[in-house]
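Asks: Hey, dropping entry.txt in here, compact mmCIF, C-alpha atoms:
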# COMPACT_ATOMS: atom_id res chain seq x y z
CA MET A 1384 -25.78 -14.71 10.34
CA SER A 1385 -22.29 -15.98 10.90
CA ILE A 1386 -20.30 -17.60 8.09
CA THR A 1387 -17.21 -19.75 8.57
CA TYR A 1388 -14.86 -19.94 5.59
CA ARG A 1389 -11.45 -21.67 5.77
CA GLY A 1390 -11.51 -21.56 9.55
CA ILE A 1391 -12.28 -17.82 9.78
CA THR A 1392 -15.67 -16.66 11.05
CA PHE A 1393 -17.25 -13.66 9.29
CA ALA A 1394 -20.26 -11.59 10.38
CA GLY A 1395 -21.60 -11.86 6.82
CA TYR A 1396 -20.66 -11.18 3.23
CA SER A 1397 -18.95 -7.85 2.44
CA LYS A 1398 -18.26 -7.17 6.13
CA PRO A 1399 -14.53 -6.56 6.63
CA LYS A 1400 -12.83 -7.50 9.86
CA ARG A 1401 -9.39 -6.87 11.36
CA THR A 1402 -6.78 -9.62 11.42
CA PRO A 1403 -4.29 -8.50 14.08
CA ASN A 1404 -2.48 -11.86 14.13
CA HIS A 1405 -1.88 -12.11 10.37
CA PRO A 1406 1.80 -11.47 9.55
CA THR A 1407 1.28 -9.07 6.62
CA LYS A 1408 -2.37 -8.09 6.06
CA SER A 1409 -4.47 -6.05 8.47
CA HIS A 1410 -8.00 -6.92 7.26
CA VAL A 1411 -9.96 -9.69 5.57
CA VAL A 1412 -13.40 -9.75 3.92
CA LEU A 1413 -15.57 -12.48 2.43
CA VAL A 1414 -17.41 -11.61 -0.80
CA LYS A 1415 -19.68 -13.46 -3.24
CA ASP A 1416 -18.16 -13.66 -6.72
CA GLY A 1417 -20.65 -15.16 -9.16
CA GLY A 1418 -21.86 -18.07 -7.05
CA LYS A 1419 -18.55 -18.61 -5.27
CA ASP A 1420 -17.20 -17.30 -1.99
CA LYS A 1421 -13.94 -15.38 -2.20
CA MET A 1422 -11.77 -14.30 0.73
CA ILE A 1423 -9.80 -11.11 0.18
CA ARG A 1424 -6.99 -9.96 2.45
CA PHE A 1425 -5.97 -6.31 2.25
CA GLY A 1426 -4.14 -3.52 4.01
CA GLN A 1427 -0.61 -3.29 5.33
CA GLN A 1428 -0.24 -4.59 8.87
CA GLY A 1429 0.97 -1.80 11.15
CA ALA A 1430 0.45 1.06 8.69
CA LYS A 1431 0.43 4.33 10.63
CA THR A 1432 -1.19 6.50 7.96
CA ALA A 1433 -4.42 4.61 7.43
CA GLY A 1434 -7.81 5.76 8.66
CA LYS A 1435 -10.66 8.02 7.70
CA PRO A 1436 -10.03 11.77 7.21
CA LYS A 1437 -9.93 13.60 10.49
CA LYS A 1438 -10.77 17.17 11.36
CA GLY A 1439 -7.62 19.29 11.30
CA GLU A 1440 -5.72 16.74 9.22
CA SER A 1441 -2.43 18.00 7.77
CA GLN A 1442 -2.10 18.86 4.09
CA ALA A 1443 0.59 16.18 3.74
CA MET A 1444 -1.87 13.50 4.91
CA LYS A 1445 -4.56 14.80 2.53
CA ASP A 1446 -2.03 14.60 -0.32
CA LYS A 1447 -1.01 11.09 0.70
CA ARG A 1448 -4.66 9.99 0.68
CA ALA A 1449 -5.19 11.54 -2.77
CA ARG A 1450 -2.05 9.87 -4.16
CA PHE A 1451 -3.23 6.44 -2.94
CA LYS A 1452 -6.61 6.89 -4.62
CA SER A 1453 -4.95 8.10 -7.83
CA ARG A 1454 -2.36 5.31 -7.90
CA HIS A 1455 -4.91 2.53 -7.30
CA GLY A 1456 -7.87 4.04 -9.18
CA LYS A 1457 -8.14 1.30 -11.82
CA ASN A 1458 -8.06 -1.48 -9.22
CA ILE A 1459 -10.55 0.33 -6.97
CA ALA A 1460 -12.92 0.52 -9.94
CA LYS A 1461 -12.88 -3.29 -10.29
CA GLY A 1462 -15.32 -3.48 -7.41
CA LYS A 1463 -15.86 -5.72 -4.42
CA THR A 1464 -13.56 -8.51 -5.62
CA SER A 1465 -10.53 -6.20 -5.51
CA ALA A 1466 -8.29 -5.73 -2.46
CA ALA A 1467 -7.77 -2.09 -3.54
CA TYR A 1468 -11.54 -1.48 -3.36
CA TRP A 1469 -11.65 -2.65 0.26
CA ALA A 1470 -8.45 -0.84 1.25
CA ASN A 1471 -9.94 2.36 -0.17
CA LYS A 1472 -13.25 1.82 1.61
CA VAL A 1473 -11.92 0.72 5.00
CA LYS A 1474 -8.46 2.21 5.40
CA TRP A 1475 -8.28 5.34 3.24
Rewrite the coordinates I just gave you, this time as structure tokens.

Replies:
Amino acid sequence: MSITYRGITFAGYSKPKRTPNHPTKSHVVLVKDGGKDKMIRFGQQGAKTAGKPKKGESQAMKDKRARFKSRHGKNIAKGKTSAAYWANKVKW
């Protein structure tokens, strides 16, 4: 099931995809909000620290990950219509 929204093709709702040609944001996702479609762009383009935890990760990186989650906790809690939620899920 492919969905086209504002000229961008998505694999489905709540399925993030990379946007390597966007000038500032690294990912985009299409979500249902009420009965409306909403496109959310998130993530810093070119960020070197993003990614899932890796085996043997340094303590500094673990601390950085924890600080991001602490700093954006309220916005992450807003759910699927928040860019912070998706950045937390995909990038951190």

Asks: Report, in Å with one decimal, the straight-line distance from CA of Lys1452 (chain A) to CA of Gly1429 (chain A).

Replies: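 Taking CA of Lys1452 (chain A) as the start and CA of Gly1429 (chain A) as the end point, the length is 19.5 Å.
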
Asks: If we count all atoms listed in the file and set the cut-off at 7 Å, which residues sit around Arg1424 (chain A), ignoring sequence neighbours fewer than 6 positions away in its own chain? Please answer as a list in words.

Replies: Lys1408, His1410, Val1411, Val1412 and Ala1466 of chain A

Asks: Would you list the contacts of region 1400-1402 of chain A as a list in words, taking every protein, DNA or RNA residue within 12 Å and counting all atoms listed in the file, but skipping same-chain residues closer than 5 positions in sequence?

Replies: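 Returned residues: Ile1391, Thr1392, Phe1393, Ala1394, Gly1395, Thr1407, Lys1408, Ser1409, His1410, Val1411, Val1412, Leu1413, Met1422, Ile1423, Arg1424, Phe1425, Gly1426, Gln1427, Gln1428, Gly1429, Trp1469, Ala1470, Val1473 and Lys1474 of chain A.
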
Asks: With all atoms listed in the file as the atoms that count, which of A:Gly1417, A:Asn1404, A:Ala1467, A:Lys1398 lies nearest to Ser1453 (chain A)?

Replies: A:Ala1467

Asks: Which of these residues is nearest to Arg1450 (chain A), using only C-alpha atoms: A:Pro1406, A:Ala1430, A:Asn1471, A:Gly1418?

Replies: A:Asn1471

Asks: So how many Å separate CA of Tyr1468 (chain A) and CA of Met1384 (chain A), to one decimal?

Replies: 23.8 Å
